[in-house]
Amino acid sequence: MLKTYNQADNSLGGLGNLRRLTYFVSVVETGSFTAAAERLGITKAVVSQQVARLESEFRTSLLVRTTRKVQPTETGQAFYLRCAMILREAEDAFDELAEGSTDPAGTLRLTAPFDYGIGIVVPVIAAFRQRHPACKVDAILSDQTLNIMSGNIELAIRVGWLAETGLQARRIGTFRQLLVASPSMAPQVAQLTRPEDIARLPFVANSALRDSQRWNFARSEIERQDVTVQASVFLDATLAVRTAVCQGLGLSVLPDYAVQDDLAAGRLIQVLPQWRLPSGGIHAVFPAARFRPAKVRAFVDLLVESEQLREASNGSNR
C-alpha cells in the first residue's frame, strides 16, 4: 500500500513524486534551476514549481537558493544521493529493456586504483569499447577509496585486502608483491643473503600504504622473517615509487602488475627472489543488492580474461 503525505491531492505524493526526482537531481547536479531546465528541455518555471511542491509536501527544505547558485541542504544532499541511485537504476533498466537482457548498453561508471587502472583497466576499456561500441565508459582512476553506494559508480576495482562490508565482491585475480631495485644497485644486491640485510640499503617507501616500512618475508612455511626498513624517500603513489626505484634511489616493494614490463626489459631486477612477500587479491566490487547490468558483467568478464592471461604470463616467467 502506497504511503500518503501532507497533501490535499494524493496524486502529488507516492509514485507521483518519482517524476520530481529527475527535476530535483538535475538542479543539484547543475547548480541552478535554469541549467536544470535546459538539461531537461522544459521551462525553468516548471522545475522550480515542482521542486517547491516537493519541499512543501514533505515540510522540509531541500535546497538553499542564492542569487548565484543553488545548493542542497544537509537533508537535501542525503535525499539527492538516494534519488541519484534510483535514477541510475531506472536508466540501467531501460538500457537492458531496449537492448535485450544479454546485450550491454549505456554508460559504464567505474573506479580503480590509479596504477592498476593505467596498466590493466585502460587496456580492458579499449577491448570493451571495441567489442561493445554502443557502450560508453566513465572511469575514475584514483588511489582514494570512493564510496560506490553514492549511486554514481556501478563497479569498483579494489586491489589489496578488502576492508569494506555490505558489498558484493568477485575475486578476479591476484598479485604478488616483489622486492625490486635498479640494475645500478646490482653490486649491493648481490651481497644480500637474507631479508634482514636490506635494512642497510636505501629504501623508497610508498606512504599511501598503511605500513610502508615493515615487510613480512617467507621462504617456507616455517622460515619467515619480519623486516623493518628505514626509508630515505617517501612517495604517495605506486607509479612514483616505481620511477624512483628505476632511477636508483633505493629498493622498494611493488606489485607485479606495476613492474612486470620493467623486469622483462631489464630496467629493474628482482631482489631475493627465493623469499616471498604476501600476495594480495584483486576484486570487482558492486553495490549490495543492486541490479547488475549486462555492461557490468561484460566488462568484469573481460577483466577476468585479462588477469588470467597476465597471471599465466607471470607464471611462465618465474
# chains A, B, ... in the order shown; residues from 1 in each chain; ligands from 1
$ select_by_dssp --residues "segment 112-184 of chain A" --states "strand (DSSP E or B)" --output "list in words"
Ala112, Lys136, Val137, Asp138, Ala139, Ile140, Leu141, Leu155, Ala156, Ile157, Arg158, Val159, Gly160, Gln168, Ala169, Arg170, Arg171, Ile172, Gly173, Thr174, Phe175, Gln177, Leu178, Leu179, Val180 and Ala181 of chain A
$ write_last_selection --atoms "N, CA and C atoms" --output "CSV table (one decimal), in the first residue's frame"
chain,number,residue,atom,x,y,z
A,112,ALA,N,38.9,2.7,-10.2
A,112,ALA,CA,40.0,1.7,-10.0
A,112,ALA,C,41.2,2.5,-9.4
A,136,LYS,N,29.4,3.4,-23.5
A,136,LYS,CA,30.4,4.4,-23.1
A,136,LYS,C,31.0,4.0,-21.8
A,137,VAL,N,32.2,4.5,-21.5
A,137,VAL,CA,32.8,4.2,-20.2
A,137,VAL,C,33.2,5.5,-19.5
A,138,ASP,N,32.8,5.7,-18.3
A,138,ASP,CA,33.2,6.8,-17.4
A,138,ASP,C,34.0,6.3,-16.3
A,139,ALA,N,35.3,6.4,-16.3
A,139,ALA,CA,36.2,5.8,-15.3
A,139,ALA,C,36.9,6.8,-14.5
A,140,ILE,N,36.9,6.6,-13.2
A,140,ILE,CA,37.7,7.4,-12.2
A,140,ILE,C,38.8,6.6,-11.7
A,141,LEU,N,40.0,7.0,-12.1
A,141,LEU,CA,41.3,6.4,-11.6
A,141,LEU,C,41.8,7.2,-10.4
A,155,LEU,N,30.7,-0.1,-10.6
A,155,LEU,CA,31.8,-1.1,-10.4
A,155,LEU,C,33.0,-0.4,-9.8
A,156,ALA,N,33.6,-1.1,-8.8
A,156,ALA,CA,34.9,-0.6,-8.3
A,156,ALA,C,35.8,-1.8,-8.3
A,157,ILE,N,37.1,-1.5,-8.7
A,157,ILE,CA,38.1,-2.5,-8.7
A,157,ILE,C,39.0,-2.2,-7.5
A,158,ARG,N,39.1,-3.1,-6.6
A,158,ARG,CA,39.8,-3.0,-5.3
A,158,ARG,C,41.1,-3.9,-5.4
A,159,VAL,N,42.2,-3.3,-5.2
A,159,VAL,CA,43.5,-4.1,-5.2
A,159,VAL,C,44.1,-4.1,-3.8
A,160,GLY,N,44.3,-5.3,-3.3
A,160,GLY,CA,44.8,-5.5,-1.9
A,160,GLY,C,43.9,-6.4,-1.1
A,168,GLN,N,29.0,-6.5,-2.5
A,168,GLN,CA,29.2,-7.8,-3.2
A,168,GLN,C,30.5,-7.7,-3.9
A,169,ALA,N,31.3,-8.8,-3.8
A,169,ALA,CA,32.6,-8.8,-4.5
A,169,ALA,C,32.9,-10.1,-5.2
A,170,ARG,N,33.6,-9.9,-6.3
A,170,ARG,CA,34.0,-11.1,-7.1
A,170,ARG,C,35.6,-11.0,-7.2
A,171,ARG,N,36.2,-12.1,-6.8
A,171,ARG,CA,37.7,-12.1,-6.9
A,171,ARG,C,38.0,-12.4,-8.4
A,172,ILE,N,38.8,-11.5,-9.0
A,172,ILE,CA,39.1,-11.6,-10.4
A,172,ILE,C,40.6,-11.9,-10.7
A,173,GLY,N,41.4,-11.9,-9.6
A,173,GLY,CA,42.8,-12.2,-9.8
A,173,GLY,C,43.6,-12.0,-8.5
A,174,THR,N,44.9,-12.2,-8.6
A,174,THR,CA,45.8,-11.9,-7.5
A,174,THR,C,47.0,-11.2,-8.0
A,175,PHE,N,47.8,-10.7,-7.1
A,175,PHE,CA,49.0,-10.1,-7.5
A,175,PHE,C,50.1,-10.4,-6.4
A,177,GLN,N,53.7,-9.3,-4.5
A,177,GLN,CA,54.5,-8.1,-4.1
A,177,GLN,C,55.9,-8.5,-4.3
A,178,LEU,N,56.7,-7.7,-5.0
A,178,LEU,CA,58.1,-8.0,-5.4
A,178,LEU,C,59.0,-7.0,-4.8
A,179,LEU,N,60.1,-7.4,-4.2
A,179,LEU,CA,61.2,-6.6,-3.8
A,179,LEU,C,62.1,-6.3,-5.0
A,180,VAL,N,62.2,-5.0,-5.5
A,180,VAL,CA,62.9,-4.7,-6.7
A,180,VAL,C,63.9,-3.6,-6.5
A,181,ALA,N,64.8,-3.5,-7.5
A,181,ALA,CA,65.9,-2.5,-7.4
A,181,ALA,C,66.3,-2.2,-8.9
$ closest_residue --among "A:Ala84, A:Ala90, A:Val27, A:Ala231" --to "Lys69 of chain A" --atoms "only C-alpha atoms"
A:Val27
$ residues_around --residues "segment 221-228 of chain A" --least-positions-apart "3" --cutoff "7 Å" --atoms "only C-alpha atoms" --output "ChimeraX atom specification"
/A:195-196,199,213-218
$ residues_around --residues "Lys295 of chain A" --least-positions-apart "6" --cutoff "7 Å" --atoms "only C-alpha atoms" --output "list in words"
Pro104, Ala105 and Leu108 of chain A
$ write_last_selection --atoms "C-alpha atoms" --output "compact mmCIF listing (two decimals), in the first residue's frame"
# COMPACT_ATOMS: atom_id res chain seq x y z
CA PRO A 104 25.49 -4.40 -22.91
CA ALA A 105 24.23 -0.85 -23.32
CA LEU A 108 29.52 2.09 -17.53
$ residues_around --residues "Asn206 of chain A" --least-positions-apart "6" --cutoff "7 Å" --atoms "only C-alpha atoms" --output "list in words"
Ser212, Phe234, Leu235, Asp236, Ala237, Thr238 and Val241 of chain A
$ residues_around --residues "Ala37 of chain A" --least-positions-apart "3" --cutoff "10 Å" --atoms "only C-alpha atoms" --output "PyMOL selection string"
chain A and resi 23+26-27+30+32-34+40-48
$ atom_distance --atom1 "atom CA of Asp103 of chain A" --atom2 "atom CA of Tyr116 of chain A"
27.1 Å
$ closest_residue --among "A:Pro293, A:Gly248, A:Ser207, A:Ile120" --to "Glu91 of chain A" --atoms "only C-alpha atoms"
A:Pro293
$ closest_residue --among "A:Val304, A:Val122, A:Leu21, A:Leu251" --to "Val271 of chain A" --atoms "only C-alpha atoms"
A:Leu251
$ closest_residue --among "A:Arg267, A:Arg82, A:Arg276, A:Arg292" --to "Gln247 of chain A" --atoms "only C-alpha atoms"
A:Arg267
$ residues_around --residues "Leu201 of chain A" --least-positions-apart "2" --cutoff "10 Å" --atoms "only C-alpha atoms" --output "PyMOL selection string"
chain A and resi 185+188-189+192+197-199+203+229-232+250-251
$ write_last_selection --atoms "C-alpha atoms" --output "tab-separated table (two decimals), in the first residue's frame"
chain	number	residue	atom	x	y	z
A	185	MET	CA	72.34	-1.40	-7.46
A	188	GLN	CA	74.93	-4.12	-3.47
A	189	VAL	CA	72.04	-6.51	-4.13
A	192	LEU	CA	72.23	-9.76	0.20
A	197	ASP	CA	70.18	-7.50	5.08
A	198	ILE	CA	68.07	-4.99	3.14
A	199	ALA	CA	67.79	-2.77	6.22
A	203	PHE	CA	64.63	2.19	0.56
A	229	VAL	CA	63.45	-0.75	6.83
A	230	GLN	CA	64.46	2.88	7.25
A	231	ALA	CA	63.22	4.69	4.18
A	232	SER	CA	65.16	7.61	2.75
A	250	GLY	CA	66.73	2.56	-3.47
A	251	LEU	CA	64.95	-0.76	-3.09
$ atom_distance --atom1 "atom CA of His283 of chain A" --atom2 "atom CA of Ala134 of chain A"
25.8 Å
$ select_by_dssp --residues "segment 59-277 of chain A" --states "helix (DSSP H, G or I)" --output "PyMOL selection string"
chain A and resi 74-99+114-131+148-150+183-189+195-200+238-246+256-265
$ closest_residue --among "A:Pro273, A:Gly106, A:Pro113, A:Pro72" --to "Pro133 of chain A" --atoms "only C-alpha atoms"
A:Gly106
$ closest_residue --among "A:Ala186, A:Ala265, A:Leu239, A:Ala284" --to "Leu303 of chain A" --atoms "only C-alpha atoms"
A:Ala284
